[in-house]
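Colleague: Pasting work_7.pdb below, which is PDB, C-alpha atoms.
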```pdb
ATOM      1  CA  ASP A   1     -17.500 -47.158  68.954
ATOM      2  CA  ALA A   2     -13.920 -45.909  68.671
ATOM      3  CA  GLY A   3     -13.592 -47.005  65.074
ATOM      4  CA  VAL A   4     -10.922 -49.265  63.652
ATOM      5  CA  ILE A   5      -7.858 -49.105  65.859
ATOM      6  CA  GLN A   6      -4.389 -49.822  64.552
ATOM      7  CA  SER A   7      -1.148 -50.022  66.446
ATOM      8  CA  PRO A   8       1.494 -48.849  66.360
ATOM      9  CA  ARG A   9       0.938 -45.636  64.383
ATOM     10  CA  HIS A  10       4.582 -45.522  63.407
ATOM     11  CA  GLU A  11       7.206 -48.255  63.291
ATOM     12  CA  VAL A  12      10.847 -47.965  62.367
ATOM     13  CA  THR A  13      12.801 -51.170  62.181
ATOM     14  CA  GLU A  14      16.006 -52.509  60.763
ATOM     15  CA  MET A  15      16.119 -54.743  57.747
ATOM     16  CA  GLY A  16      15.823 -58.375  58.726
ATOM     17  CA  GLN A  17      13.767 -57.766  61.846
ATOM     18  CA  GLU A  18      10.289 -59.109  62.420
ATOM     19  CA  VAL A  19       7.463 -56.573  62.377
ATOM     20  CA  THR A  20       3.943 -57.106  63.702
ATOM     21  CA  LEU A  21       1.109 -54.725  62.923
ATOM     22  CA  ARG A  22      -2.112 -54.918  64.903
ATOM     23  CA  CYS A  23      -5.726 -54.119  64.203
ATOM     24  CA  LYS A  24      -8.913 -54.044  66.226
ATOM     25  CA  PRO A  25     -11.965 -53.866  63.951
ATOM     26  CA  ILE A  26     -15.258 -52.251  64.786
ATOM     27  CA  SER A  27     -17.347 -54.510  66.982
ATOM     28  CA  GLY A  28     -19.920 -56.455  65.009
ATOM     29  CA  HIS A  29     -18.146 -56.130  61.686
ATOM     30  CA  ASP A  30     -17.782 -59.403  59.811
ATOM     31  CA  TYR A  31     -15.071 -58.471  57.320
ATOM     32  CA  LEU A  32     -11.546 -57.293  57.947
ATOM     33  CA  PHE A  33      -9.149 -56.045  55.284
ATOM     34  CA  TRP A  34      -5.433 -55.282  55.203
ATOM     35  CA  TYR A  35      -4.227 -52.759  52.626
ATOM     36  CA  ARG A  36      -0.788 -51.385  51.820
ATOM     37  CA  GLN A  37      -0.337 -47.856  50.473
ATOM     38  CA  THR A  38       2.758 -46.721  48.581
ATOM     39  CA  MET A  39       3.405 -43.830  46.246
ATOM     40  CA  MET A  40       4.184 -46.146  43.370
ATOM     41  CA  ARG A  41       1.349 -48.647  43.676
ATOM     42  CA  GLY A  42      -1.359 -46.800  45.562
ATOM     43  CA  LEU A  43      -3.670 -48.869  47.783
ATOM     44  CA  GLU A  44      -3.226 -52.599  47.367
ATOM     45  CA  LEU A  45      -5.450 -55.179  49.014
ATOM     46  CA  LEU A  46      -3.229 -57.709  50.756
ATOM     47  CA  ILE A  47      -5.740 -60.039  52.391
ATOM     48  CA  TYR A  48      -9.242 -60.066  53.795
ATOM     49  CA  PHE A  49     -11.121 -62.151  56.327
ATOM     50  CA  ASN A  50     -14.756 -63.046  56.814
ATOM     51  CA  ASN A  51     -15.730 -64.188  60.304
ATOM     52  CA  ASN A  52     -12.033 -64.649  61.112
ATOM     53  CA  VAL A  53     -11.414 -66.903  58.099
ATOM     54  CA  PRO A  54      -9.066 -65.713  55.317
ATOM     55  CA  ILE A  55     -11.041 -65.404  52.094
ATOM     56  CA  ASP A  56      -8.548 -63.975  49.639
ATOM     57  CA  ASP A  57      -4.817 -63.665  50.268
ATOM     58  CA  SER A  58      -3.796 -63.293  46.644
ATOM     59  CA  GLY A  59      -2.460 -59.820  47.331
ATOM     60  CA  MET A  60       0.076 -60.945  49.920
ATOM     61  CA  PRO A  61       3.349 -60.172  48.184
ATOM     62  CA  GLU A  62       5.553 -62.970  49.476
ATOM     63  CA  ASP A  63       5.889 -65.685  52.057
ATOM     64  CA  ARG A  64       7.519 -63.123  54.313
ATOM     65  CA  PHE A  65       4.033 -61.704  54.890
ATOM     66  CA  SER A  66       1.472 -63.485  57.036
ATOM     67  CA  ALA A  67      -1.822 -62.424  58.584
ATOM     68  CA  LYS A  68      -3.956 -63.937  61.291
ATOM     69  CA  MET A  69      -7.298 -63.247  62.882
ATOM     70  CA  PRO A  70      -7.526 -65.350  66.032
ATOM     71  CA  ASN A  71     -10.853 -63.810  67.062
ATOM     72  CA  ALA A  72     -13.427 -61.286  65.915
ATOM     73  CA  SER A  73     -11.745 -58.383  67.669
ATOM     74  CA  PHE A  74      -8.115 -58.749  66.686
ATOM     75  CA  SER A  75      -5.919 -59.256  63.654
ATOM     76  CA  THR A  76      -2.190 -59.119  62.998
ATOM     77  CA  LEU A  77      -0.079 -58.631  59.909
ATOM     78  CA  LYS A  78       3.450 -59.926  60.300
ATOM     79  CA  ILE A  79       6.475 -59.365  58.107
ATOM     80  CA  GLN A  80       9.457 -61.612  58.724
ATOM     81  CA  PRO A  81      12.125 -60.763  57.765
ATOM     82  CA  SER A  82      11.406 -57.157  56.854
ATOM     83  CA  GLU A  83      13.053 -55.430  53.888
ATOM     84  CA  PRO A  84      13.360 -51.737  52.930
ATOM     85  CA  ARG A  85      10.860 -52.214  50.090
ATOM     86  CA  ASP A  86       8.216 -53.091  52.679
ATOM     87  CA  SER A  87       8.226 -49.467  53.802
ATOM     88  CA  ALA A  88       4.677 -48.206  53.340
ATOM     89  CA  VAL A  89       1.525 -47.238  55.204
ATOM     90  CA  TYR A  90      -0.525 -50.282  56.164
ATOM     91  CA  PHE A  91      -4.252 -49.822  56.641
ATOM     92  CA  CYS A  92      -6.746 -52.064  58.297
ATOM     93  CA  ALA A  93     -10.446 -51.728  57.480
ATOM     94  CA  SER A  94     -13.588 -53.474  58.611
ATOM     95  CA  ARG A  95     -17.043 -53.811  57.162
ATOM     96  CA  ARG A  96     -20.329 -55.273  58.228
ATOM     97  CA  ALA A  97     -22.033 -57.964  56.164
ATOM     98  CA  GLY A  98     -25.345 -56.953  54.630
ATOM     99  CA  GLY A  99     -24.593 -56.398  50.999
ATOM    100  CA  ALA A 100     -23.137 -53.579  48.986
ATOM    101  CA  ASN A 101     -24.935 -50.987  51.075
ATOM    102  CA  THR A 102     -22.459 -51.336  53.911
ATOM    103  CA  GLU A 103     -19.256 -49.310  53.856
ATOM    104  CA  ALA A 104     -15.733 -50.103  54.935
ATOM    105  CA  PHE A 105     -14.275 -48.102  57.802
ATOM    106  CA  PHE A 106     -10.540 -47.547  57.819
ATOM    107  CA  GLY A 107      -8.083 -47.176  60.652
ATOM    108  CA  GLN A 108      -5.541 -44.380  60.658
ATOM    109  CA  GLY A 109      -2.807 -46.649  59.395
ATOM    110  CA  THR A 110       0.621 -47.783  60.518
ATOM    111  CA  ARG A 111       3.534 -46.064  58.828
ATOM    112  CA  LEU A 112       6.303 -48.644  58.528
ATOM    113  CA  THR A 113       9.858 -47.653  57.739
ATOM    114  CA  VAL A 114      12.445 -50.378  57.244
ATOM    115  CA  VAL A 115      16.018 -49.101  57.230
TER     116      VAL A 115
ATOM    117  CA  ALA B 116     -10.348 -59.199  37.031
ATOM    118  CA  GLN B 117     -11.084 -55.601  37.855
ATOM    119  CA  SER B 118      -9.018 -52.451  37.559
ATOM    120  CA  VAL B 119      -9.518 -48.779  38.307
ATOM    121  CA  THR B 120      -7.762 -45.944  36.503
ATOM    122  CA  GLN B 121      -7.461 -42.438  37.846
ATOM    123  CA  LEU B 122      -5.733 -40.570  35.079
ATOM    124  CA  ASP B 123      -4.833 -37.455  37.041
ATOM    125  CA  SER B 124      -2.342 -37.925  39.834
ATOM    126  CA  GLN B 125      -2.580 -34.271  40.874
ATOM    127  CA  VAL B 126      -5.198 -31.605  40.272
ATOM    128  CA  PRO B 127      -4.553 -28.014  41.355
ATOM    129  CA  VAL B 128      -7.592 -25.739  41.384
ATOM    130  CA  PHE B 129      -8.379 -22.314  42.788
ATOM    131  CA  GLU B 130     -10.799 -21.905  45.657
ATOM    132  CA  GLU B 131     -14.452 -21.575  44.596
ATOM    133  CA  ALA B 132     -13.703 -23.040  41.164
ATOM    134  CA  PRO B 133     -15.382 -26.261  39.984
ATOM    135  CA  VAL B 134     -13.448 -29.499  39.848
ATOM    136  CA  GLU B 135     -13.805 -32.890  38.217
ATOM    137  CA  LEU B 136     -11.733 -35.903  39.212
ATOM    138  CA  ARG B 137     -11.814 -38.664  36.654
ATOM    139  CA  CYS B 138     -12.238 -42.374  37.247
ATOM    140  CA  ASN B 139     -12.548 -45.199  34.755
ATOM    141  CA  TYR B 140     -12.873 -48.859  35.559
ATOM    142  CA  SER B 141     -12.880 -52.213  33.850
ATOM    143  CA  SER B 142     -14.549 -55.359  35.065
ATOM    144  CA  SER B 143     -15.894 -58.595  33.679
ATOM    145  CA  VAL B 144     -18.554 -58.723  36.422
ATOM    146  CA  SER B 145     -20.972 -56.241  37.911
ATOM    147  CA  VAL B 146     -19.390 -53.833  40.328
ATOM    148  CA  TYR B 147     -20.423 -51.217  42.814
ATOM    149  CA  LEU B 148     -18.575 -47.900  42.701
ATOM    150  CA  PHE B 149     -17.212 -45.722  45.475
ATOM    151  CA  TRP B 150     -15.243 -42.563  46.118
ATOM    152  CA  TYR B 151     -13.187 -42.254  49.289
ATOM    153  CA  VAL B 152     -11.259 -39.243  50.591
ATOM    154  CA  GLN B 153      -8.046 -39.302  52.599
ATOM    155  CA  TYR B 154      -6.998 -36.227  54.557
ATOM    156  CA  PRO B 155      -3.322 -35.922  55.536
ATOM    157  CA  ASN B 156      -2.177 -38.554  58.011
ATOM    158  CA  GLN B 157      -5.620 -40.086  58.277
ATOM    159  CA  GLY B 158      -7.446 -43.144  57.053
ATOM    160  CA  LEU B 159      -9.967 -43.142  54.251
ATOM    161  CA  GLN B 160     -13.570 -42.077  54.642
ATOM    162  CA  LEU B 161     -16.478 -42.647  52.310
ATOM    163  CA  LEU B 162     -17.626 -39.726  50.149
ATOM    164  CA  LEU B 163     -20.302 -41.451  48.113
ATOM    165  CA  LYS B 164     -21.271 -44.704  46.450
ATOM    166  CA  TYR B 165     -23.204 -45.975  43.472
ATOM    167  CA  LEU B 166     -25.090 -49.232  43.906
ATOM    168  CA  SER B 167     -27.974 -48.977  41.450
ATOM    169  CA  GLY B 168     -30.718 -46.634  40.300
ATOM    170  CA  SER B 169     -30.102 -42.988  39.469
ATOM    171  CA  THR B 170     -26.740 -42.507  37.821
ATOM    172  CA  LEU B 171     -26.144 -39.207  39.630
ATOM    173  CA  VAL B 172     -25.083 -39.786  43.186
ATOM    174  CA  LYS B 173     -24.714 -37.121  45.840
ATOM    175  CA  GLY B 174     -22.311 -37.463  48.722
ATOM    176  CA  ILE B 175     -20.959 -35.543  51.664
ATOM    177  CA  ASN B 176     -19.316 -32.110  51.543
ATOM    178  CA  GLY B 177     -21.115 -31.117  48.338
ATOM    179  CA  PHE B 178     -19.533 -33.770  46.127
ATOM    180  CA  GLU B 179     -21.422 -35.715  43.495
ATOM    181  CA  ALA B 180     -20.519 -38.356  40.939
ATOM    182  CA  GLU B 181     -22.088 -39.658  37.775
ATOM    183  CA  PHE B 182     -22.030 -43.280  36.714
ATOM    184  CA  ASN B 183     -21.718 -43.808  32.971
ATOM    185  CA  LYS B 184     -22.013 -47.456  32.092
ATOM    186  CA  SER B 185     -21.189 -47.104  28.391
ATOM    187  CA  GLN B 186     -17.987 -45.239  29.170
ATOM    188  CA  THR B 187     -17.268 -47.270  32.315
ATOM    189  CA  SER B 188     -16.655 -44.043  34.179
ATOM    190  CA  PHE B 189     -17.520 -42.644  37.584
ATOM    191  CA  HIS B 190     -16.233 -39.073  37.660
ATOM    192  CA  LEU B 191     -16.375 -37.010  40.840
ATOM    193  CA  ARG B 192     -17.416 -33.362  40.733
ATOM    194  CA  LYS B 193     -17.864 -30.384  42.989
ATOM    195  CA  PRO B 194     -19.182 -27.054  41.696
ATOM    196  CA  SER B 195     -17.175 -24.898  44.105
ATOM    197  CA  VAL B 196     -14.215 -26.180  46.115
ATOM    198  CA  HIS B 197     -12.878 -24.963  49.443
ATOM    199  CA  ILE B 198      -9.395 -24.990  50.886
ATOM    200  CA  SER B 199     -10.564 -27.738  53.223
ATOM    201  CA  ASP B 200     -11.174 -30.047  50.241
ATOM    202  CA  THR B 201      -7.422 -30.412  49.799
ATOM    203  CA  ALA B 202      -6.902 -34.156  50.158
ATOM    204  CA  GLU B 203      -6.330 -37.336  48.198
ATOM    205  CA  TYR B 204      -9.336 -38.887  46.508
ATOM    206  CA  PHE B 205      -9.649 -42.561  45.674
ATOM    207  CA  CYS B 206     -12.062 -44.237  43.310
ATOM    208  CA  ALA B 207     -12.853 -47.877  44.067
ATOM    209  CA  VAL B 208     -14.900 -50.769  42.739
ATOM    210  CA  SER B 209     -16.337 -53.652  44.679
ATOM    211  CA  PRO B 210     -17.243 -56.696  42.600
ATOM    212  CA  ALA B 211     -20.777 -57.862  43.224
ATOM    213  CA  GLY B 212     -20.847 -60.813  45.557
ATOM    214  CA  THR B 213     -17.611 -59.881  47.307
ATOM    215  CA  TYR B 214     -16.903 -57.354  50.010
ATOM    216  CA  LYS B 215     -13.485 -56.246  48.860
ATOM    217  CA  TYR B 216     -12.560 -52.914  47.301
ATOM    218  CA  ILE B 217     -10.126 -52.406  44.466
ATOM    219  CA  PHE B 218      -8.756 -48.884  44.494
ATOM    220  CA  GLY B 219      -7.326 -46.587  41.881
ATOM    221  CA  THR B 220      -3.985 -44.933  42.511
ATOM    222  CA  GLY B 221      -5.583 -41.747  43.809
ATOM    223  CA  THR B 222      -5.805 -38.107  42.754
ATOM    224  CA  ARG B 223      -4.283 -35.440  44.922
ATOM    225  CA  LEU B 224      -6.540 -32.380  44.915
ATOM    226  CA  LYS B 225      -4.831 -29.161  45.923
ATOM    227  CA  VAL B 226      -7.069 -26.155  46.404
ATOM    228  CA  LEU B 227      -5.254 -22.843  46.033
ATOM    229  CA  ALA B 228      -6.242 -19.582  47.709
TER     230      ALA B 228
END
```
What's the structure tokens form of this structure?
Modeller:
Amino acid sequence: DAGVIQSPRHEVTEMGQEVTLRCKPISGHDYLFWYRQTMMRGLELLIYFNNNVPIDDSGMPEDRFSAKMPNASFSTLKIQPSEPRDSAVYFCASRRAGGANTEAFFGQGTRLTVV
Amino acid sequence: AQSVTQLDSQVPVFEEAPVELRCNYSSSVSVYLFWYVQYPNQGLQLLLKYLSGSTLVKGINGFEAEFNKSQTSFHLRKPSVHISDTAEYFCAVSPAGTYKYIFGTGTRLKVLA
């Protein structure tokens, strides 16, 4: 398996524009997570899904953020409209069900810069 | 609610010296404990985890960690570091019954020649 695949790796956009980040989890994994990494706040959990259903979105900062998982092999995180304070590295991770003994595998991240 | 505290944001250490990266957590429920490492411009990868049993856990690349329930700590150690260990290290908890991780803010380990 190629691991968790995120696209794009880098995104530069202007304030006010819509941004869509994409993630393909590892095949067979039941859980998918979106994290945001900044210098000030470290790694924050934004939302996670189980079998394509959102379980906990309490970390989504504002209504400008939305996430979807239309099927087991694809998820998107959308920011509309984007703001400079959204600049961060966004990570997607996936994990198999089976208890605490399973580990989460992370993608390489999308570095978002909003100017 | 759960929280993870990594007191040291940066730790410089000379090559072949020992290192300890500190992690403390708080939680009102049982948690599992993890250390992840992030090399520059990469995602995170698992170093080691504590689920139950022996409080001393060994991981990859010669790292180990000790779970101390009374002190709610899970410090990471390596007896002799290499230049290649330069990276950011994250401590995380996963509340029992969930699959999510809550991360600390990370410790940047810089190994000096």
Colleague: Let me know the residues the PyMOL selection byres ((chain B and resi 207-219) around 9) catches in the file above, as a PyMOL selection string.
Modeller: (chain A and resi 31+33+42-45+48+95+97+99-100+104) or (chain B and resi 117-121+138-140+142+144-151+205-206+220-222)
Colleague: What is the CA of Pro25 (chain A)-CA of Met40 (chain A) distance in Å, reported with one decimal?
Modeller: 27.3 Å
Colleague: What does the distance from CA of Arg192 (chain B) to CA of Gly107 (chain A) come to in Å, to one decimal?
Modeller: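 Separation of CA of Arg192 (chain B) and CA of Gly107 (chain A): 26.0 Å.
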Colleague: Considering only C-alpha atoms, can you say which of A:Ser87, A:Gln37, A:Thr76, A:Ser82 comes closest to chain B?
Modeller: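 For chain B, the nearest of the candidates is A:Gln37.
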Colleague: If the cut-off is 12 Å, can you tell me the residues of chain A near chain B, counting all atoms listed in the file? I'd like them as number ranges by chain.
Modeller: A: 3-6, 9-10, 29-50, 55-57, 59, 89-111
Colleague: Please, could you write that set of residues out with C-alpha atoms as a compact mmCIF listing (two decimals), keeping the file's coordinate frame?
Modeller:
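Resulting contents of part_2.txt:
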```txt
# COMPACT_ATOMS: atom_id res chain seq x y z
CA GLY A 3 -13.59 -47.00 65.07
CA VAL A 4 -10.92 -49.26 63.65
CA ILE A 5 -7.86 -49.10 65.86
CA GLN A 6 -4.39 -49.82 64.55
CA ARG A 9 0.94 -45.64 64.38
CA HIS A 10 4.58 -45.52 63.41
CA HIS A 29 -18.15 -56.13 61.69
CA ASP A 30 -17.78 -59.40 59.81
CA TYR A 31 -15.07 -58.47 57.32
CA LEU A 32 -11.55 -57.29 57.95
CA PHE A 33 -9.15 -56.04 55.28
CA TRP A 34 -5.43 -55.28 55.20
CA TYR A 35 -4.23 -52.76 52.63
CA ARG A 36 -0.79 -51.38 51.82
CA GLN A 37 -0.34 -47.86 50.47
CA THR A 38 2.76 -46.72 48.58
CA MET A 39 3.40 -43.83 46.25
CA MET A 40 4.18 -46.15 43.37
CA ARG A 41 1.35 -48.65 43.68
CA GLY A 42 -1.36 -46.80 45.56
CA LEU A 43 -3.67 -48.87 47.78
CA GLU A 44 -3.23 -52.60 47.37
CA LEU A 45 -5.45 -55.18 49.01
CA LEU A 46 -3.23 -57.71 50.76
CA ILE A 47 -5.74 -60.04 52.39
CA TYR A 48 -9.24 -60.07 53.80
CA PHE A 49 -11.12 -62.15 56.33
CA ASN A 50 -14.76 -63.05 56.81
CA ILE A 55 -11.04 -65.40 52.09
CA ASP A 56 -8.55 -63.98 49.64
CA ASP A 57 -4.82 -63.66 50.27
CA GLY A 59 -2.46 -59.82 47.33
CA VAL A 89 1.52 -47.24 55.20
CA TYR A 90 -0.52 -50.28 56.16
CA PHE A 91 -4.25 -49.82 56.64
CA CYS A 92 -6.75 -52.06 58.30
CA ALA A 93 -10.45 -51.73 57.48
CA SER A 94 -13.59 -53.47 58.61
CA ARG A 95 -17.04 -53.81 57.16
CA ARG A 96 -20.33 -55.27 58.23
CA ALA A 97 -22.03 -57.96 56.16
CA GLY A 98 -25.34 -56.95 54.63
CA GLY A 99 -24.59 -56.40 51.00
CA ALA A 100 -23.14 -53.58 48.99
CA ASN A 101 -24.94 -50.99 51.08
CA THR A 102 -22.46 -51.34 53.91
CA GLU A 103 -19.26 -49.31 53.86
CA ALA A 104 -15.73 -50.10 54.94
CA PHE A 105 -14.28 -48.10 57.80
CA PHE A 106 -10.54 -47.55 57.82
CA GLY A 107 -8.08 -47.18 60.65
CA GLN A 108 -5.54 -44.38 60.66
CA GLY A 109 -2.81 -46.65 59.40
CA THR A 110 0.62 -47.78 60.52
CA ARG A 111 3.53 -46.06 58.83
```
Colleague: Could you check which residues have any atom within 8 Å of (-21.6, -42.0, 38.3), counting all atoms listed in the file with coordinates taken straight from the file, and then list them as a list in words?
Modeller: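 The distance filter leaves exactly Leu148, Tyr165, Thr170, Leu171, Val172, Ala180, Glu181, Phe182, Asn183, Ser188, Phe189, His190 and Leu191 of chain B.
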Colleague: So how many Å separate CA of Pro127 (chain B) and CA of Ala228 (chain B), to one decimal?
Modeller: 10.7 Å
Colleague: Excluding Leu224 (chain B) and residues on its chain fewer than 5 positions from it, collect all residues at most 12 Å away from it, counting only C-alpha atoms, and give them as a ChimeraX atom specification.
Modeller: /B:123-130,133-137,152-155,191-193,196-205
Colleague: Could you pull the residues within 10 Å of Thr20 (chain A), counting only C-alpha atoms, minus those fewer than 5 positions along the same chain, as a list in words?
Modeller: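 Using only C-alpha atoms, the neighbours found are Ser7, Pro8, Glu11, Phe65, Ser66, Ala67, Thr76, Leu77, Lys78, Ile79 and Gln80 of chain A.
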Colleague: I need the residue set behind the PyMOL selection byres ((chain A and resi 72) around 7) for this file; please write it as a list in words.
Modeller: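 Listing what the PyMOL selection byres ((chain A and resi 72) around 7) selects in the shown file: Asn51, Asn52, Asn71, Ser73 and Phe74 of chain A.
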Colleague: Could you dump the residues just selected with C-alpha atoms as a PDB file, keeping the file's coordinate frame?
Modeller:
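Resulting contents of part_10.pdb:
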```pdb
ATOM      1  CA  ASN A  51     -15.730 -64.188  60.304  1.00  0.00           C
ATOM      2  CA  ASN A  52     -12.033 -64.649  61.112  1.00  0.00           C
ATOM      3  CA  ASN A  71     -10.853 -63.810  67.062  1.00  0.00           C
ATOM      4  CA  SER A  73     -11.745 -58.383  67.669  1.00  0.00           C
ATOM      5  CA  PHE A  74      -8.115 -58.749  66.686  1.00  0.00           C
TER       6      PHE A  74
END
```
Colleague: Write out as AutoDock Vina command-line options an axis-aligned box for region 41-57 of chain A: all of its atoms listed in the file, 3 Å added on each side, centre and edge lengths in Å with one decimal.
Modeller:
```
--center_x -7.2 --center_y -56.9 --center_z 52.4 --size_x 23.1 --size_y 26.1 --size_z 23.4
```
Colleague: Care to translate the PyMOL selection byres ((chain A and resi 114) around 9) into actual residues of this file, as a list in words?
Modeller: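 For this structure, the PyMOL selection byres ((chain A and resi 114) around 9) captures Glu11, Val12, Thr13, Glu14, Met15, Gly16, Gln17, Ser82, Glu83, Pro84, Arg85, Asp86, Ser87, Ala88, Leu112, Thr113 and Val115 of chain A.
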